[in-house]
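Notes for the one structure printed next.
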Amino acid sequence: MAAVRDVEIDPEGTFKYILVRLQRPGGEEQRDIVRGTKAAEFHNHIFEKVNPEMEKLGYECKCLGGGKIDHNSKDKKIRVFGLSTGYGKADHSVTVEILKKVYTDYEITWSDDKK
């Protein structure tokens, strides 16, 4: 699972994101990853891109939910909020912990706000 990056999000702006759980078929080990992009009109568009990539690496994917990320790289701030109509709200506190592994010098916050 080390080959899979914890986070792949756009470098700037406000966009949809999903929290995805990876697991080997029949295996115990699992890991959660964050994916988000402005290119996705809907949350399922992100999953439709991630799922085949992970299947090629031998992982099963499950979307745990979604929301939005506001990424301000100039001020080194990330805000996680909102929800996905299709997948439900991701556990934003889990998302923040994953983001902190990558954006170590950022101020990262979350809320249940819709906007």
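Ligands are numbered from 1 in the order shown, chains are lettered A, B, ... in the order of the structure tokens, and residues start at 1 in each chain.
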(request) Could you give me, as a PyMOL selection string, each residue of chain A that DSSP assigns to strand (DSSP E) when run on this structure's backbone? (result) chain A and resi 7-9+13-23+30-37+60-72+77-81+107-110
(request) Tell me which of A:Ile33, A:Ile78, A:Val4, A:Val50 sits closest to Asp105 (chain A), counting only C-alpha atoms. (result)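 Nearest candidate to Asp105 (chain A) out of A:Ile33, A:Ile78, A:Val4, A:Val50: A:Ile78.
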(message) I'd like the interatomic distance between CA of Ser111 (chain A) and CA of Leu64 (chain A), to a tenth of an Å.
(response)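 Between these atoms lies a distance of 17.1 Å.
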(request) Tell me which of A:Lys115, A:Lys100, A:His71, A:Lys56 sits closest to Leu83 (chain A), counting only C-alpha atoms. (result)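 The shortest atom-to-atom distance to Leu83 (chain A) comes from A:Lys115.
Secondary structure from DSSP on the backbone puts alpha helix (DSSP H) at the following positions of chain A: A:His43, A:Asn44, A:His45, A:Ile46, A:Phe47, A:Glu48, A:Lys49, A:Val50, A:Asn51, A:Pro52, A:Glu53, A:Met54, A:Glu55, A:Lys56, A:His92, A:Ser93, A:Val94, A:Thr95, A:Val96, A:Glu97, A:Ile98, A:Leu99, A:Lys100, A:Lys101, A:Val102.
Distances to Asp70 (chain A) were evaluated for A:Arg24, A:Arg31, A:Lys16, A:His45 using only C-alpha atoms, and the minimum falls at A:Lys16.
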(message) as a list of chain:residue names, please: the residues near Asp10 (chain A) (cut-off 10 Å, only C-alpha atoms, same-chain neighbours under 6 positions excluded).
(response) A:Lys16, A:Tyr17, A:Arg35, A:Gly36, A:Thr37, A:Lys38, A:Ala39, A:Ile69, A:Asp70, A:His71, A:Ser73
Using N, CA and C atoms, can you export the residues from the last selection as a compact mmCIF listing (two decimals), in the first residue's frame?
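Saved to out.txt:
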```txt
# COMPACT_ATOMS: atom_id res chain seq x y z
N LYS A 16 -14.64 19.41 -4.80
CA LYS A 16 -15.18 18.21 -4.17
C LYS A 16 -14.06 17.23 -3.84
N TYR A 17 -14.28 16.47 -2.75
CA TYR A 17 -13.32 15.43 -2.40
C TYR A 17 -14.07 14.20 -1.89
N ARG A 35 -8.94 12.03 -2.07
CA ARG A 35 -8.82 12.45 -3.46
C ARG A 35 -9.80 13.58 -3.73
N GLY A 36 -9.33 14.64 -4.38
CA GLY A 36 -10.20 15.77 -4.67
C GLY A 36 -9.71 16.59 -5.85
N THR A 37 -10.67 17.11 -6.64
CA THR A 37 -10.30 17.90 -7.81
C THR A 37 -11.45 18.78 -8.28
N LYS A 38 -11.09 19.93 -8.83
CA LYS A 38 -12.07 20.83 -9.43
C LYS A 38 -12.66 20.23 -10.70
N ALA A 39 -11.94 19.29 -11.31
CA ALA A 39 -12.38 18.69 -12.56
C ALA A 39 -13.65 17.86 -12.38
N ILE A 69 -13.26 20.63 -0.18
CA ILE A 69 -12.01 21.14 0.38
C ILE A 69 -11.78 22.53 -0.20
N ASP A 70 -11.43 23.46 0.67
CA ASP A 70 -11.01 24.79 0.26
C ASP A 70 -9.52 24.85 0.53
N HIS A 71 -8.71 24.86 -0.54
CA HIS A 71 -7.26 24.80 -0.43
C HIS A 71 -6.66 26.16 -0.80
N SER A 73 -3.17 27.62 -0.91
CA SER A 73 -1.75 27.30 -0.79
C SER A 73 -0.91 28.52 -0.41
```
(request) Have a look at A:Ile108, A:Asp75, A:Glu41, A:Glu53 and name the one nearest to Val94 (chain A); count only C-alpha atoms. (result) A:Ile108
(request) Go through A:Asn72, A:Ser93, A:Asn51, A:Thr85 one by one, measure the shortest atom-to-atom distance of each to Asp112 (chain A) using only C-alpha atoms, and give the residue with the smallest value. (result)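 For Asp112 (chain A), the nearest of the given residues is A:Ser93.
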(request) Write out as a PyMOL selection string the residues lying within 6 Å of Trp110 (chain A), counting only C-alpha atoms and excluding same-chain residues fewer than 3 positions away. (result) chain A and resi 79-81
Output all heavy atoms for every residue in the selection just made, as a short mmCIF file (atom, residue, chain, number, x, y, z; two decimals), in the first residue's frame.
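What landed in again-v3.cif:
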```
data_model
loop_
_atom_site.label_atom_id
_atom_site.label_comp_id
_atom_site.auth_asym_id
_atom_site.auth_seq_id
_atom_site.Cartn_x
_atom_site.Cartn_y
_atom_site.Cartn_z
N ARG A 79 -9.46 23.98 4.43
CA ARG A 79 -10.72 23.83 5.18
C ARG A 79 -11.51 22.70 4.55
O ARG A 79 -11.70 22.65 3.34
CB ARG A 79 -11.52 25.14 5.13
CG ARG A 79 -12.80 25.09 5.94
CD ARG A 79 -13.45 26.46 6.02
NE ARG A 79 -14.02 26.87 4.75
CZ ARG A 79 -15.33 26.82 4.47
NH1 ARG A 79 -16.19 26.38 5.35
NH2 ARG A 79 -15.76 27.23 3.30
N VAL A 80 -11.96 21.77 5.38
CA VAL A 80 -12.74 20.61 4.94
C VAL A 80 -14.16 20.79 5.46
O VAL A 80 -14.36 21.06 6.64
CB VAL A 80 -12.13 19.30 5.49
CG1 VAL A 80 -12.90 18.09 5.00
CG2 VAL A 80 -10.65 19.18 5.09
N PHE A 81 -15.15 20.64 4.57
CA PHE A 81 -16.54 20.91 4.96
C PHE A 81 -17.51 20.24 3.99
O PHE A 81 -17.10 19.61 3.02
CB PHE A 81 -16.78 22.43 4.99
CG PHE A 81 -16.66 23.10 3.64
CD1 PHE A 81 -17.78 23.43 2.92
CD2 PHE A 81 -15.42 23.38 3.11
CE1 PHE A 81 -17.67 24.04 1.67
CE2 PHE A 81 -15.29 23.98 1.86
CZ PHE A 81 -16.42 24.32 1.14
#
```
(request) Check the smallest atom-to-atom distance from each of A:Thr95, A:Thr104, A:Ser84, A:Gln23 to Lys62 (chain A) using only C-alpha atoms, then report the winner. (result)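 Of all the options, A:Gln23 lies closest to Lys62 (chain A).
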(request) Determine, counting only C-alpha atoms, which protein, DNA and RNA residues have an atom within 8 Å of an atom of Cys61 (chain A); residues of the same chain fewer than 3 positions away are not included. Present the result as a PyMOL selection string. (result) chain A and resi 20-23+51+54-55
Saved selection, atoms kept: C-alpha atoms, as a PDB file, in the first residue's frame:
```
ATOM      1  CA  VAL A  20     -11.684   6.193   0.037  1.00  0.00           C
ATOM      2  CA  ARG A  21     -10.835   2.995   1.905  1.00  0.00           C
ATOM      3  CA  LEU A  22      -8.372   0.641   0.197  1.00  0.00           C
ATOM      4  CA  GLN A  23      -8.121  -3.031   1.039  1.00  0.00           C
ATOM      5  CA  ASN A  51     -11.371   2.891  -8.523  1.00  0.00           C
ATOM      6  CA  MET A  54      -6.538   1.080  -7.473  1.00  0.00           C
ATOM      7  CA  GLU A  55      -7.960  -2.131  -8.965  1.00  0.00           C
TER       8      GLU A  55
END
```
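The interatomic distance for the pair CA of Ala90 (chain A) and CA of Val7 (chain A) works out to 14.8 Å.
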Neighbour list for region 86-88 of chain A as a PDB file with N, CA, C and O atoms, in the first residue's frame, cut-off 8 Å, only C-alpha atoms, skip fewer than 3 positions in-chain:
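New file around-v2.pdb:
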```pdb
ATOM      1  N   HIS A  43     -19.169  13.986  -7.021  1.00  0.00           N
ATOM      2  CA  HIS A  43     -18.234  13.168  -6.244  1.00  0.00           C
ATOM      3  C   HIS A  43     -17.947  11.820  -6.916  1.00  0.00           C
ATOM      4  O   HIS A  43     -16.825  11.330  -6.866  1.00  0.00           O
ATOM      5  N   ASN A  44     -18.968  11.235  -7.552  1.00  0.00           N
ATOM      6  CA  ASN A  44     -18.753   9.919  -8.171  1.00  0.00           C
ATOM      7  C   ASN A  44     -17.756   9.980  -9.327  1.00  0.00           C
ATOM      8  O   ASN A  44     -17.128   8.984  -9.662  1.00  0.00           O
ATOM      9  N   CYS A  63     -15.931   3.938  -1.175  1.00  0.00           N
ATOM     10  CA  CYS A  63     -16.027   5.362  -0.847  1.00  0.00           C
ATOM     11  C   CYS A  63     -16.724   5.499   0.494  1.00  0.00           C
ATOM     12  O   CYS A  63     -17.836   5.013   0.689  1.00  0.00           O
ATOM     13  N   LEU A  64     -16.050   6.153   1.448  1.00  0.00           N
ATOM     14  CA  LEU A  64     -16.582   6.323   2.804  1.00  0.00           C
ATOM     15  C   LEU A  64     -17.412   7.595   2.941  1.00  0.00           C
ATOM     16  O   LEU A  64     -18.043   7.809   3.969  1.00  0.00           O
ATOM     17  N   GLY A  65     -17.414   8.426   1.918  1.00  0.00           N
ATOM     18  CA  GLY A  65     -18.162   9.675   1.945  1.00  0.00           C
ATOM     19  C   GLY A  65     -17.380  10.773   1.257  1.00  0.00           C
ATOM     20  O   GLY A  65     -16.281  10.553   0.760  1.00  0.00           O
ATOM     21  N   GLY A  66     -17.986  11.955   1.234  1.00  0.00           N
ATOM     22  CA  GLY A  66     -17.334  13.064   0.554  1.00  0.00           C
ATOM     23  C   GLY A  66     -17.654  14.392   1.200  1.00  0.00           C
ATOM     24  O   GLY A  66     -18.305  14.463   2.242  1.00  0.00           O
ATOM     25  N   LEU A  83     -20.725  17.977   2.264  1.00  0.00           N
ATOM     26  CA  LEU A  83     -21.026  16.551   2.140  1.00  0.00           C
ATOM     27  C   LEU A  83     -21.250  16.189   0.692  1.00  0.00           C
ATOM     28  O   LEU A  83     -21.335  17.059  -0.168  1.00  0.00           O
TER      29      LEU A  83
END
```
